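Q: Sharing entry-v4.cif below, mmCIF, N, CA and C atoms:
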data_run
#
loop_
_atom_site.label_atom_id
_atom_site.label_comp_id
_atom_site.auth_asym_id
_atom_site.auth_seq_id
_atom_site.Cartn_x
_atom_site.Cartn_y
_atom_site.Cartn_z
N MET A 1 6.31 -10.02 -28.99
CA MET A 1 7.11 -9.09 -28.22
C MET A 1 7.93 -9.90 -27.21
N PRO A 2 9.25 -9.83 -27.23
CA PRO A 2 10.06 -10.63 -26.32
C PRO A 2 9.91 -10.13 -24.89
N GLN A 3 9.97 -11.08 -23.97
CA GLN A 3 9.90 -10.75 -22.54
C GLN A 3 11.29 -10.35 -22.07
N GLU A 4 11.35 -9.31 -21.28
CA GLU A 4 12.63 -8.90 -20.72
C GLU A 4 12.93 -9.73 -19.48
N ASN A 5 14.20 -9.90 -19.17
CA ASN A 5 14.58 -10.59 -17.95
C ASN A 5 14.34 -9.67 -16.77
N VAL A 6 13.62 -10.18 -15.81
CA VAL A 6 13.32 -9.41 -14.61
C VAL A 6 13.95 -10.13 -13.44
N GLN A 7 14.84 -9.47 -12.73
CA GLN A 7 15.46 -10.10 -11.57
C GLN A 7 14.56 -9.87 -10.36
N VAL A 8 14.45 -10.87 -9.54
CA VAL A 8 13.61 -10.83 -8.36
C VAL A 8 14.49 -10.66 -7.15
N ASP A 9 14.44 -9.49 -6.53
CA ASP A 9 15.28 -9.24 -5.36
C ASP A 9 14.90 -10.12 -4.18
N VAL A 10 13.61 -10.35 -4.00
CA VAL A 10 13.16 -11.10 -2.84
C VAL A 10 13.52 -12.58 -2.95
N PHE A 11 13.53 -13.11 -4.16
CA PHE A 11 13.80 -14.52 -4.36
C PHE A 11 14.99 -14.71 -5.30
N PRO A 12 16.20 -14.64 -4.80
CA PRO A 12 17.36 -14.71 -5.69
C PRO A 12 17.44 -16.03 -6.47
N LEU A 13 16.80 -17.08 -5.97
CA LEU A 13 16.83 -18.36 -6.69
C LEU A 13 15.94 -18.32 -7.93
N LEU A 14 15.07 -17.32 -8.00
CA LEU A 14 14.12 -17.27 -9.10
C LEU A 14 14.47 -16.17 -10.08
N ARG A 15 15.70 -16.06 -10.50
CA ARG A 15 16.12 -15.06 -11.47
C ARG A 15 15.82 -15.62 -12.87
N LEU A 16 14.53 -15.58 -13.19
CA LEU A 16 14.04 -16.17 -14.43
C LEU A 16 13.36 -15.10 -15.27
N PRO A 17 13.17 -15.37 -16.57
CA PRO A 17 12.36 -14.44 -17.37
C PRO A 17 10.98 -14.31 -16.75
N LEU A 18 10.32 -13.19 -17.02
CA LEU A 18 9.04 -12.88 -16.39
C LEU A 18 8.02 -14.01 -16.55
N VAL A 19 7.88 -14.56 -17.73
CA VAL A 19 6.90 -15.61 -17.97
C VAL A 19 7.21 -16.83 -17.11
N ALA A 20 8.46 -17.23 -17.07
CA ALA A 20 8.85 -18.39 -16.27
C ALA A 20 8.65 -18.11 -14.78
N LYS A 21 9.00 -16.91 -14.36
CA LYS A 21 8.85 -16.55 -12.94
C LYS A 21 7.39 -16.63 -12.53
N GLU A 22 6.49 -16.09 -13.33
CA GLU A 22 5.07 -16.13 -13.00
C GLU A 22 4.58 -17.57 -12.92
N HIS A 23 5.05 -18.42 -13.82
CA HIS A 23 4.65 -19.83 -13.81
C HIS A 23 5.12 -20.51 -12.53
N VAL A 24 6.36 -20.28 -12.15
CA VAL A 24 6.90 -20.91 -10.94
C VAL A 24 6.17 -20.39 -9.71
N LEU A 25 5.97 -19.09 -9.59
CA LEU A 25 5.32 -18.53 -8.41
C LEU A 25 3.87 -19.00 -8.30
N CYS A 26 3.18 -19.16 -9.42
CA CYS A 26 1.80 -19.62 -9.38
C CYS A 26 1.71 -21.08 -8.95
N MET A 27 2.74 -21.84 -9.20
CA MET A 27 2.73 -23.25 -8.83
C MET A 27 3.11 -23.47 -7.37
N MET A 28 3.63 -22.47 -6.73
CA MET A 28 4.06 -22.62 -5.34
C MET A 28 2.94 -22.18 -4.41
N THR A 29 2.73 -22.95 -3.35
CA THR A 29 1.76 -22.53 -2.35
C THR A 29 2.40 -21.47 -1.47
N PRO A 30 1.60 -20.67 -0.76
CA PRO A 30 2.18 -19.68 0.15
C PRO A 30 3.12 -20.33 1.17
N PHE A 31 2.80 -21.55 1.59
CA PHE A 31 3.66 -22.26 2.55
C PHE A 31 5.04 -22.50 1.95
N GLU A 32 5.07 -22.96 0.70
CA GLU A 32 6.35 -23.23 0.04
C GLU A 32 7.12 -21.94 -0.22
N LEU A 33 6.42 -20.90 -0.63
CA LEU A 33 7.05 -19.63 -0.94
C LEU A 33 7.67 -18.99 0.29
N SER A 34 6.98 -19.10 1.45
CA SER A 34 7.48 -18.50 2.70
C SER A 34 8.82 -19.08 3.12
N LYS A 35 9.08 -20.32 2.75
CA LYS A 35 10.33 -20.97 3.13
C LYS A 35 11.54 -20.33 2.47
N PHE A 36 11.33 -19.56 1.40
CA PHE A 36 12.43 -18.89 0.72
C PHE A 36 12.77 -17.54 1.32
N ILE A 37 11.91 -16.99 2.14
CA ILE A 37 12.08 -15.62 2.61
C ILE A 37 12.81 -15.60 3.94
N ASN A 38 14.06 -15.12 3.90
CA ASN A 38 14.81 -14.95 5.14
C ASN A 38 14.67 -13.51 5.60
N TYR A 39 15.35 -13.13 6.65
CA TYR A 39 15.19 -11.79 7.22
C TYR A 39 15.56 -10.69 6.21
N GLU A 40 16.67 -10.86 5.51
CA GLU A 40 17.09 -9.85 4.53
C GLU A 40 16.05 -9.70 3.41
N HIS A 41 15.49 -10.83 2.97
CA HIS A 41 14.45 -10.77 1.94
C HIS A 41 13.23 -10.03 2.47
N LEU A 42 12.83 -10.34 3.71
CA LEU A 42 11.66 -9.70 4.29
C LEU A 42 11.79 -8.19 4.32
N LEU A 43 12.98 -7.70 4.64
CA LEU A 43 13.18 -6.26 4.69
C LEU A 43 12.99 -5.60 3.33
N ARG A 44 13.13 -6.37 2.25
CA ARG A 44 13.00 -5.81 0.90
C ARG A 44 11.61 -6.01 0.30
N VAL A 45 10.76 -6.76 0.97
CA VAL A 45 9.41 -6.98 0.45
C VAL A 45 8.65 -5.66 0.49
N LYS A 46 8.06 -5.30 -0.63
CA LYS A 46 7.28 -4.07 -0.75
C LYS A 46 5.81 -4.46 -0.89
N ALA A 47 5.13 -4.54 0.24
CA ALA A 47 3.71 -4.89 0.23
C ALA A 47 3.04 -4.26 1.44
N ARG A 48 1.77 -3.97 1.30
CA ARG A 48 1.01 -3.40 2.42
C ARG A 48 0.57 -4.47 3.41
N ASN A 49 0.35 -5.67 2.92
CA ASN A 49 -0.10 -6.79 3.75
C ASN A 49 0.79 -7.99 3.45
N ILE A 50 1.43 -8.51 4.47
CA ILE A 50 2.37 -9.61 4.30
C ILE A 50 1.90 -10.79 5.16
N VAL A 51 1.79 -11.96 4.55
CA VAL A 51 1.44 -13.18 5.26
C VAL A 51 2.51 -14.21 4.93
N LEU A 52 3.18 -14.72 5.96
CA LEU A 52 4.20 -15.75 5.78
C LEU A 52 3.79 -16.99 6.57
N LYS A 53 3.40 -18.04 5.84
CA LYS A 53 3.03 -19.30 6.47
C LYS A 53 4.20 -20.25 6.38
N GLY A 54 4.51 -20.93 7.45
CA GLY A 54 5.62 -21.87 7.44
C GLY A 54 6.95 -21.17 7.27
N SER A 55 7.07 -19.98 7.79
CA SER A 55 8.27 -19.17 7.61
C SER A 55 9.47 -19.77 8.34
N ILE A 56 10.65 -19.47 7.81
CA ILE A 56 11.90 -19.91 8.44
C ILE A 56 12.43 -18.86 9.41
N LEU A 57 11.75 -17.72 9.52
CA LEU A 57 12.23 -16.66 10.41
C LEU A 57 12.09 -17.07 11.87
N THR A 58 13.06 -16.68 12.67
CA THR A 58 13.03 -16.98 14.10
C THR A 58 12.29 -15.88 14.84
N ASN A 59 11.95 -16.13 16.09
CA ASN A 59 11.31 -15.11 16.92
C ASN A 59 12.23 -13.90 17.08
N GLN A 60 13.52 -14.13 17.16
CA GLN A 60 14.47 -13.02 17.28
C GLN A 60 14.47 -12.17 16.01
N GLU A 61 14.33 -12.80 14.85
CA GLU A 61 14.26 -12.03 13.59
C GLU A 61 12.95 -11.27 13.48
N ILE A 62 11.87 -11.84 13.99
CA ILE A 62 10.60 -11.11 14.03
C ILE A 62 10.76 -9.89 14.93
N ASN A 63 11.46 -10.05 16.05
CA ASN A 63 11.76 -8.93 16.95
C ASN A 63 12.53 -7.84 16.22
N ARG A 64 13.54 -8.22 15.45
CA ARG A 64 14.33 -7.25 14.68
C ARG A 64 13.46 -6.55 13.64
N PHE A 65 12.53 -7.29 13.03
CA PHE A 65 11.61 -6.70 12.06
C PHE A 65 10.76 -5.63 12.72
N LEU A 66 10.23 -5.92 13.91
CA LEU A 66 9.42 -4.93 14.63
C LEU A 66 10.25 -3.68 14.94
N LYS A 67 11.49 -3.88 15.37
CA LYS A 67 12.36 -2.74 15.67
C LYS A 67 12.62 -1.92 14.42
N SER A 68 12.81 -2.58 13.29
CA SER A 68 13.04 -1.89 12.03
C SER A 68 11.82 -1.05 11.65
N TRP A 69 10.63 -1.63 11.82
CA TRP A 69 9.39 -0.89 11.53
C TRP A 69 9.26 0.31 12.47
N MET A 70 9.54 0.09 13.75
CA MET A 70 9.40 1.16 14.74
C MET A 70 10.39 2.31 14.49
N ALA A 71 11.55 2.01 13.95
CA ALA A 71 12.56 3.03 13.67
C ALA A 71 12.35 3.68 12.29
N CYS A 72 11.27 3.33 11.61
CA CYS A 72 10.97 3.84 10.26
C CYS A 72 12.07 3.47 9.26
N GLU A 73 12.68 2.30 9.45
CA GLU A 73 13.73 1.84 8.54
C GLU A 73 13.15 0.98 7.41
N SER A 74 11.97 0.43 7.63
CA SER A 74 11.37 -0.42 6.59
C SER A 74 9.85 -0.43 6.73
N HIS A 75 9.20 -0.79 5.65
CA HIS A 75 7.76 -1.05 5.62
C HIS A 75 6.90 0.11 6.13
N LEU A 76 7.18 1.29 5.64
CA LEU A 76 6.43 2.47 6.09
C LEU A 76 4.95 2.41 5.68
N ASP A 77 4.63 1.68 4.61
CA ASP A 77 3.25 1.58 4.14
C ASP A 77 2.55 0.31 4.61
N LEU A 78 3.19 -0.44 5.49
CA LEU A 78 2.63 -1.71 5.96
C LEU A 78 1.30 -1.48 6.68
N GLU A 79 0.33 -2.34 6.39
CA GLU A 79 -0.96 -2.30 7.06
C GLU A 79 -1.14 -3.49 7.99
N SER A 80 -0.62 -4.64 7.57
CA SER A 80 -0.72 -5.83 8.41
C SER A 80 0.39 -6.81 8.06
N PHE A 81 0.73 -7.62 9.05
CA PHE A 81 1.79 -8.62 8.90
C PHE A 81 1.38 -9.82 9.73
N LYS A 82 1.45 -11.00 9.13
CA LYS A 82 1.13 -12.24 9.83
C LYS A 82 2.25 -13.23 9.57
N ILE A 83 2.70 -13.88 10.64
CA ILE A 83 3.78 -14.86 10.53
C ILE A 83 3.63 -15.88 11.64
N ASN A 84 4.09 -17.09 11.40
CA ASN A 84 4.07 -18.09 12.45
C ASN A 84 5.22 -17.84 13.42
N ALA A 85 4.92 -17.93 14.69
CA ALA A 85 5.95 -17.83 15.73
C ALA A 85 6.24 -19.24 16.23
N SER A 86 7.27 -19.39 17.02
CA SER A 86 7.60 -20.74 17.50
C SER A 86 8.01 -20.70 18.96
N GLY A 87 7.96 -21.87 19.59
CA GLY A 87 8.38 -21.99 20.97
C GLY A 87 7.21 -21.94 21.94
N PHE A 88 7.53 -22.15 23.22
CA PHE A 88 6.50 -22.22 24.26
C PHE A 88 5.87 -20.87 24.54
N ASN A 89 6.69 -19.83 24.63
CA ASN A 89 6.20 -18.47 24.92
C ASN A 89 6.81 -17.51 23.90
N PRO A 90 6.36 -17.57 22.64
CA PRO A 90 7.01 -16.79 21.58
C PRO A 90 6.97 -15.28 21.79
N MET A 91 5.90 -14.76 22.39
CA MET A 91 5.81 -13.30 22.55
C MET A 91 6.90 -12.78 23.48
N LYS A 92 7.38 -13.60 24.38
CA LYS A 92 8.46 -13.18 25.27
C LYS A 92 9.70 -12.81 24.45
N GLU A 93 10.02 -13.62 23.44
CA GLU A 93 11.17 -13.34 22.57
C GLU A 93 10.86 -12.25 21.55
N ILE A 94 9.64 -12.24 21.04
CA ILE A 94 9.28 -11.29 19.98
C ILE A 94 9.22 -9.86 20.52
N ILE A 95 8.69 -9.69 21.71
CA ILE A 95 8.44 -8.35 22.23
C ILE A 95 9.47 -7.94 23.28
N MET A 96 10.45 -8.84 23.58
CA MET A 96 11.34 -8.71 24.74
C MET A 96 11.93 -7.32 24.97
N ASP A 97 12.57 -6.71 24.02
CA ASP A 97 13.21 -5.41 24.25
C ASP A 97 12.63 -4.33 23.35
N VAL A 98 11.38 -4.55 22.94
CA VAL A 98 10.66 -3.57 22.14
C VAL A 98 9.80 -2.74 23.09
N PRO A 99 9.93 -1.41 23.06
CA PRO A 99 9.06 -0.59 23.91
C PRO A 99 7.59 -0.87 23.57
N HIS A 100 6.80 -1.20 24.59
CA HIS A 100 5.41 -1.59 24.35
C HIS A 100 4.55 -1.35 25.58
N GLU A 101 3.25 -1.41 25.38
CA GLU A 101 2.27 -1.40 26.45
C GLU A 101 1.35 -2.59 26.22
N VAL A 102 0.91 -3.22 27.29
CA VAL A 102 -0.02 -4.33 27.15
C VAL A 102 -1.33 -3.78 26.59
N ALA A 103 -1.82 -4.42 25.55
CA ALA A 103 -3.06 -3.98 24.91
C ALA A 103 -4.25 -4.40 25.77
N ILE A 104 -5.10 -3.45 26.07
CA ILE A 104 -6.31 -3.71 26.83
C ILE A 104 -7.47 -3.79 25.84
N GLY A 105 -8.35 -4.74 26.04
CA GLY A 105 -9.53 -4.85 25.19
C GLY A 105 -9.21 -5.31 23.78
N LEU A 106 -8.78 -6.54 23.64
CA LEU A 106 -8.47 -7.09 22.31
C LEU A 106 -9.73 -7.38 21.50
N ASP A 107 -10.91 -7.17 22.10
CA ASP A 107 -12.16 -7.45 21.39
C ASP A 107 -12.29 -6.64 20.11
N ALA A 108 -11.92 -5.35 20.16
CA ALA A 108 -12.03 -4.50 18.97
C ALA A 108 -11.11 -5.01 17.86
N ILE A 109 -9.94 -5.50 18.24
CA ILE A 109 -9.00 -6.05 17.25
C ILE A 109 -9.49 -7.41 16.77
N SER A 110 -10.04 -8.22 17.69
CA SER A 110 -10.52 -9.56 17.34
C SER A 110 -11.61 -9.52 16.28
N GLU A 111 -12.38 -8.42 16.24
CA GLU A 111 -13.46 -8.30 15.26
C GLU A 111 -12.94 -8.28 13.83
N LYS A 112 -11.66 -8.00 13.64
CA LYS A 112 -11.08 -7.95 12.30
C LYS A 112 -10.72 -9.34 11.78
N PHE A 113 -10.86 -10.36 12.63
CA PHE A 113 -10.47 -11.73 12.27
C PHE A 113 -11.68 -12.63 12.25
N PRO A 114 -11.57 -13.76 11.53
CA PRO A 114 -12.65 -14.74 11.57
C PRO A 114 -12.87 -15.23 13.02
N SER A 115 -14.05 -15.70 13.30
CA SER A 115 -14.41 -16.08 14.67
C SER A 115 -13.57 -17.24 15.23
N TYR A 116 -12.97 -18.06 14.36
CA TYR A 116 -12.18 -19.18 14.85
C TYR A 116 -10.80 -18.77 15.35
N ILE A 117 -10.41 -17.52 15.17
CA ILE A 117 -9.11 -17.04 15.66
C ILE A 117 -9.31 -16.36 17.01
N THR A 118 -8.59 -16.85 18.01
CA THR A 118 -8.64 -16.27 19.34
C THR A 118 -7.30 -15.62 19.62
N LEU A 119 -7.31 -14.34 19.94
CA LEU A 119 -6.08 -13.64 20.28
C LEU A 119 -5.79 -13.88 21.76
N THR A 120 -4.60 -14.39 22.06
CA THR A 120 -4.26 -14.74 23.44
C THR A 120 -3.51 -13.64 24.17
N SER A 121 -2.86 -12.76 23.44
CA SER A 121 -2.15 -11.64 24.06
C SER A 121 -1.94 -10.56 23.01
N GLY A 122 -1.74 -9.34 23.49
CA GLY A 122 -1.52 -8.24 22.57
C GLY A 122 -0.73 -7.12 23.21
N TYR A 123 0.05 -6.42 22.38
CA TYR A 123 0.90 -5.33 22.86
C TYR A 123 0.83 -4.19 21.86
N ASN A 124 0.72 -2.99 22.37
CA ASN A 124 0.72 -1.80 21.52
C ASN A 124 2.15 -1.28 21.40
N ILE A 125 2.54 -0.97 20.18
CA ILE A 125 3.86 -0.40 19.93
C ILE A 125 3.69 0.87 19.11
N LYS A 126 4.71 1.71 19.12
CA LYS A 126 4.63 3.00 18.42
C LYS A 126 5.89 3.20 17.60
N ARG A 127 5.68 3.62 16.35
CA ARG A 127 6.77 3.93 15.44
C ARG A 127 7.32 5.32 15.79
N SER A 128 8.55 5.59 15.40
CA SER A 128 9.20 6.86 15.73
C SER A 128 8.47 8.07 15.16
N ASP A 129 7.65 7.87 14.11
CA ASP A 129 6.88 8.98 13.55
C ASP A 129 5.49 9.11 14.17
N GLY A 130 5.21 8.29 15.20
CA GLY A 130 3.94 8.37 15.91
C GLY A 130 2.90 7.35 15.50
N LYS A 131 3.11 6.65 14.38
CA LYS A 131 2.17 5.62 13.91
C LYS A 131 2.12 4.49 14.94
N GLU A 132 0.92 3.98 15.24
CA GLU A 132 0.76 2.94 16.25
C GLU A 132 0.32 1.63 15.63
N ALA A 133 0.62 0.55 16.33
CA ALA A 133 0.25 -0.79 15.88
C ALA A 133 0.04 -1.68 17.10
N THR A 134 -0.62 -2.79 16.87
CA THR A 134 -0.81 -3.79 17.92
C THR A 134 -0.21 -5.10 17.43
N VAL A 135 0.59 -5.71 18.28
CA VAL A 135 1.19 -7.02 18.02
C VAL A 135 0.38 -8.02 18.83
N CYS A 136 -0.20 -9.01 18.15
CA CYS A 136 -1.05 -10.00 18.81
C CYS A 136 -0.56 -11.41 18.52
N LEU A 137 -0.96 -12.32 19.38
CA LEU A 137 -0.65 -13.73 19.17
C LEU A 137 -1.95 -14.51 19.21
N SER A 138 -2.13 -15.44 18.27
CA SER A 138 -3.34 -16.27 18.25
C SER A 138 -3.07 -17.58 18.98
N GLN A 139 -4.14 -18.34 19.15
CA GLN A 139 -4.02 -19.63 19.84
C GLN A 139 -3.13 -20.61 19.07
N TRP A 140 -2.89 -20.36 17.79
CA TRP A 140 -2.05 -21.25 16.98
C TRP A 140 -0.64 -20.70 16.80
N TYR A 141 -0.26 -19.76 17.64
CA TYR A 141 1.07 -19.14 17.59
C TYR A 141 1.33 -18.38 16.28
N ASP A 142 0.28 -17.81 15.71
CA ASP A 142 0.45 -16.88 14.61
C ASP A 142 0.57 -15.48 15.21
N MET A 143 1.59 -14.76 14.80
CA MET A 143 1.75 -13.39 15.28
C MET A 143 1.19 -12.46 14.24
N PHE A 144 0.40 -11.49 14.69
CA PHE A 144 -0.19 -10.49 13.82
C PHE A 144 0.33 -9.11 14.23
N LEU A 145 0.67 -8.31 13.25
CA LEU A 145 0.99 -6.91 13.47
C LEU A 145 -0.06 -6.12 12.70
N LEU A 146 -0.87 -5.35 13.43
CA LEU A 146 -1.94 -4.58 12.81
C LEU A 146 -1.67 -3.11 13.03
N ILE A 147 -1.48 -2.38 11.95
CA ILE A 147 -1.18 -0.96 12.04
C ILE A 147 -2.50 -0.20 12.09
N HIS A 148 -2.60 0.77 13.00
CA HIS A 148 -3.83 1.56 13.18
C HIS A 148 -3.80 2.76 12.24
#
Would you mind writing the structure in this file as structure tokens?

A:
Amino acid sequence: MPQENVQVDVFPLLRLPLVAKEHVLCMMTPFELSKFINYEHLLRVKARNIVLKGSILTNQEINRFLKSWMACESHLDLESFKINASGFNPMKEIIMDVPHEVAIGLDAISEKFPSYITLTSGYNIKRSDGKEATVCLSQWYDMFLLIH
């Protein structure tokens, strides 16, 4: 049975037949794969849990992503999002003009992570439909978005 050509919206460089695409994606580590995902690609990713290691996205683009989620423009089924942030105080840029409240008691959220991850700060945000989430930063500058 011949394989049909499947175009990959998220990875325009990988417009390969299905068999070839699966082979290429399996050979790439998550770190290598994340380098292909820019902001426009991220908005088109359809997944409940997204982890981007070694991402090329800037803190400002992460901020735009949060605003998009809050406005119900993208990722309505998202459960969690993890991405590396950059800079000395990344949460200042990520959360700068996003309506938020400082999260009190990160212990309940910390229980969802392995013990070696320490959350250094957290902010509660709310989507326009009332859905709530917490944006956290770990000691390694990984930003987590956890939807409640």

Q: At what distance in Å, to one decimal, does atom N of Lys67 (chain A) lie from atom C of Lys126 (chain A)?

A: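 It comes out at 9.3 Å.
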
Q: What does the distance between CA of Leu106 (chain A) and CA of Arg127 (chain A) come to in Å, to one decimal place?

A: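 Between these atoms lies a distance of 20.0 Å.
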
Q: Would you write out, as a list in words, every residue that the PyMOL selection byres (((chain A and resi 80-97 and name CA) around 8) and name CA) captures in this file?

A: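 Applying the expression gives Arg48, Asn49, Ile50, Val51, Leu52, Lys53, Gly54, Ser55, Thr58, Asn59, Gln60, Ile62, Asn63, Leu78, Glu79, Val98, Pro99, His100, Leu137, Tyr141, Asp142, Met143, Phe144, Leu145, Leu146 and Ile147 of chain A.
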
Q: Okay, now the selection with N, CA and C atoms, as a PDB file, in the frame of the given file?

A:
ATOM      1  N   ARG A  48       1.770  -3.970   1.300  1.00  0.00           N
ATOM      2  CA  ARG A  48       1.010  -3.400   2.420  1.00  0.00           C
ATOM      3  C   ARG A  48       0.570  -4.470   3.410  1.00  0.00           C
ATOM      4  N   ASN A  49       0.350  -5.670   2.920  1.00  0.00           N
ATOM      5  CA  ASN A  49      -0.100  -6.790   3.750  1.00  0.00           C
ATOM      6  C   ASN A  49       0.790  -7.990   3.450  1.00  0.00           C
ATOM      7  N   ILE A  50       1.430  -8.510   4.470  1.00  0.00           N
ATOM      8  CA  ILE A  50       2.370  -9.610   4.300  1.00  0.00           C
ATOM      9  C   ILE A  50       1.900 -10.790   5.160  1.00  0.00           C
ATOM     10  N   VAL A  51       1.790 -11.960   4.550  1.00  0.00           N
ATOM     11  CA  VAL A  51       1.440 -13.180   5.260  1.00  0.00           C
ATOM     12  C   VAL A  51       2.510 -14.210   4.930  1.00  0.00           C
ATOM     13  N   LEU A  52       3.180 -14.720   5.960  1.00  0.00           N
ATOM     14  CA  LEU A  52       4.200 -15.750   5.780  1.00  0.00           C
ATOM     15  C   LEU A  52       3.790 -16.990   6.570  1.00  0.00           C
ATOM     16  N   LYS A  53       3.400 -18.040   5.840  1.00  0.00           N
ATOM     17  CA  LYS A  53       3.030 -19.300   6.470  1.00  0.00           C
ATOM     18  C   LYS A  53       4.200 -20.250   6.380  1.00  0.00           C
ATOM     19  N   GLY A  54       4.510 -20.930   7.450  1.00  0.00           N
ATOM     20  CA  GLY A  54       5.620 -21.870   7.440  1.00  0.00           C
ATOM     21  C   GLY A  54       6.950 -21.170   7.270  1.00  0.00           C
ATOM     22  N   SER A  55       7.070 -19.980   7.790  1.00  0.00           N
ATOM     23  CA  SER A  55       8.270 -19.170   7.610  1.00  0.00           C
ATOM     24  C   SER A  55       9.470 -19.770   8.340  1.00  0.00           C
ATOM     25  N   THR A  58      13.060 -16.680  12.670  1.00  0.00           N
ATOM     26  CA  THR A  58      13.030 -16.980  14.100  1.00  0.00           C
ATOM     27  C   THR A  58      12.290 -15.880  14.840  1.00  0.00           C
ATOM     28  N   ASN A  59      11.950 -16.130  16.090  1.00  0.00           N
ATOM     29  CA  ASN A  59      11.310 -15.110  16.920  1.00  0.00           C
ATOM     30  C   ASN A  59      12.230 -13.900  17.080  1.00  0.00           C
ATOM     31  N   GLN A  60      13.520 -14.130  17.160  1.00  0.00           N
ATOM     32  CA  GLN A  60      14.470 -13.020  17.280  1.00  0.00           C
ATOM     33  C   GLN A  60      14.470 -12.170  16.010  1.00  0.00           C
ATOM     34  N   ILE A  62      11.870 -11.840  13.990  1.00  0.00           N
ATOM     35  CA  ILE A  62      10.600 -11.110  14.030  1.00  0.00           C
ATOM     36  C   ILE A  62      10.760  -9.890  14.930  1.00  0.00           C
ATOM     37  N   ASN A  63      11.460 -10.050  16.050  1.00  0.00           N
ATOM     38  CA  ASN A  63      11.760  -8.930  16.950  1.00  0.00           C
ATOM     39  C   ASN A  63      12.530  -7.840  16.220  1.00  0.00           C
ATOM     40  N   LEU A  78       3.190  -0.440   5.490  1.00  0.00           N
ATOM     41  CA  LEU A  78       2.630  -1.710   5.960  1.00  0.00           C
ATOM     42  C   LEU A  78       1.300  -1.480   6.680  1.00  0.00           C
ATOM     43  N   GLU A  79       0.330  -2.340   6.390  1.00  0.00           N
ATOM     44  CA  GLU A  79      -0.960  -2.300   7.060  1.00  0.00           C
ATOM     45  C   GLU A  79      -1.140  -3.490   7.990  1.00  0.00           C
ATOM     46  N   VAL A  98      11.380  -4.550  22.940  1.00  0.00           N
ATOM     47  CA  VAL A  98      10.660  -3.570  22.140  1.00  0.00           C
ATOM     48  C   VAL A  98       9.800  -2.740  23.090  1.00  0.00           C
ATOM     49  N   PRO A  99       9.930  -1.410  23.060  1.00  0.00           N
ATOM     50  CA  PRO A  99       9.060  -0.590  23.910  1.00  0.00           C
ATOM     51  C   PRO A  99       7.590  -0.870  23.570  1.00  0.00           C
ATOM     52  N   HIS A 100       6.800  -1.200  24.590  1.00  0.00           N
ATOM     53  CA  HIS A 100       5.410  -1.590  24.350  1.00  0.00           C
ATOM     54  C   HIS A 100       4.550  -1.350  25.580  1.00  0.00           C
ATOM     55  N   LEU A 137      -0.960 -12.320  19.380  1.00  0.00           N
ATOM     56  CA  LEU A 137      -0.650 -13.730  19.170  1.00  0.00           C
ATOM     57  C   LEU A 137      -1.950 -14.510  19.210  1.00  0.00           C
ATOM     58  N   TYR A 141      -0.260 -19.760  17.640  1.00  0.00           N
ATOM     59  CA  TYR A 141       1.070 -19.140  17.590  1.00  0.00           C
ATOM     60  C   TYR A 141       1.330 -18.380  16.280  1.00  0.00           C
ATOM     61  N   ASP A 142       0.280 -17.810  15.710  1.00  0.00           N
ATOM     62  CA  ASP A 142       0.450 -16.880  14.610  1.00  0.00           C
ATOM     63  C   ASP A 142       0.570 -15.480  15.210  1.00  0.00           C
ATOM     64  N   MET A 143       1.590 -14.760  14.800  1.00  0.00           N
ATOM     65  CA  MET A 143       1.750 -13.390  15.280  1.00  0.00           C
ATOM     66  C   MET A 143       1.190 -12.460  14.240  1.00  0.00           C
ATOM     67  N   PHE A 144       0.400 -11.490  14.690  1.00  0.00           N
ATOM     68  CA  PHE A 144      -0.190 -10.490  13.820  1.00  0.00           C
ATOM     69  C   PHE A 144       0.330  -9.110  14.230  1.00  0.00           C
ATOM     70  N   LEU A 145       0.670  -8.310  13.250  1.00  0.00           N
ATOM     71  CA  LEU A 145       0.990  -6.910  13.470  1.00  0.00           C
ATOM     72  C   LEU A 145      -0.060  -6.120  12.700  1.00  0.00           C
ATOM     73  N   LEU A 146      -0.870  -5.350  13.430  1.00  0.00           N
ATOM     74  CA  LEU A 146      -1.940  -4.580  12.810  1.00  0.00           C
ATOM     75  C   LEU A 146      -1.670  -3.110  13.030  1.00  0.00           C
ATOM     76  N   ILE A 147      -1.480  -2.380  11.950  1.00  0.00           N
ATOM     77  CA  ILE A 147      -1.180  -0.960  12.040  1.00  0.00           C
ATOM     78  C   ILE A 147      -2.500  -0.200  12.090  1.00  0.00           C
TER      79      ILE A 147
END

Q: Can you measure atom C of Asp77 (chain A) to atom N of Asp129 (chain A) for me? One decimal in Å is fine.

A: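 Here the two named atoms are 13.2 Å from each other.
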
Q: From the list A:Ser121, A:Ser34, A:Ser115, A:Ser74, which residue is nearest Thr134 (chain A) when using only N, CA and C atoms?

A: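 Closest residue, counting only N, CA and C atoms: A:Ser121.
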
Q: Determine which residues of region 49-144 of chain A receive a DSSP assignment of strand (DSSP E or B), computed from the backbone, and state them as a ChimeraX atom specification.

A: /A:49-52,80-84,101-102,119-126,132-138,142-144

Q: Between A:Lys46, A:Lys112, A:Arg64, A:His41, which one has atoms that come closest to Leu76 (chain A), using only C-alpha atoms?

A: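 The answer is A:Lys46, which sits nearest to Leu76 (chain A).
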
Q: Taking the file above as input, evaluate the PyMOL selection byres (((chain A and resi 117 and name CA) around 10) and name CA) and report the hits as a list in words.

A: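 This file gives the following for the PyMOL selection byres (((chain A and resi 117 and name CA) around 10) and name CA): Ser110, Glu111, Lys112, Phe113, Pro114, Ser115, Tyr116, Thr118, Leu119, Thr120, Leu137, Ser138, Gln139, Trp140 and Asp142 of chain A.
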
Q: Show me, as an MDAnalysis selection string, the residues that have an atom within 7 Å of Leu43 (chain A) when counting all atoms listed in the file, minus same-chain residues fewer than 4 positions from it.

A: chainID A and resid 38:39 74:75
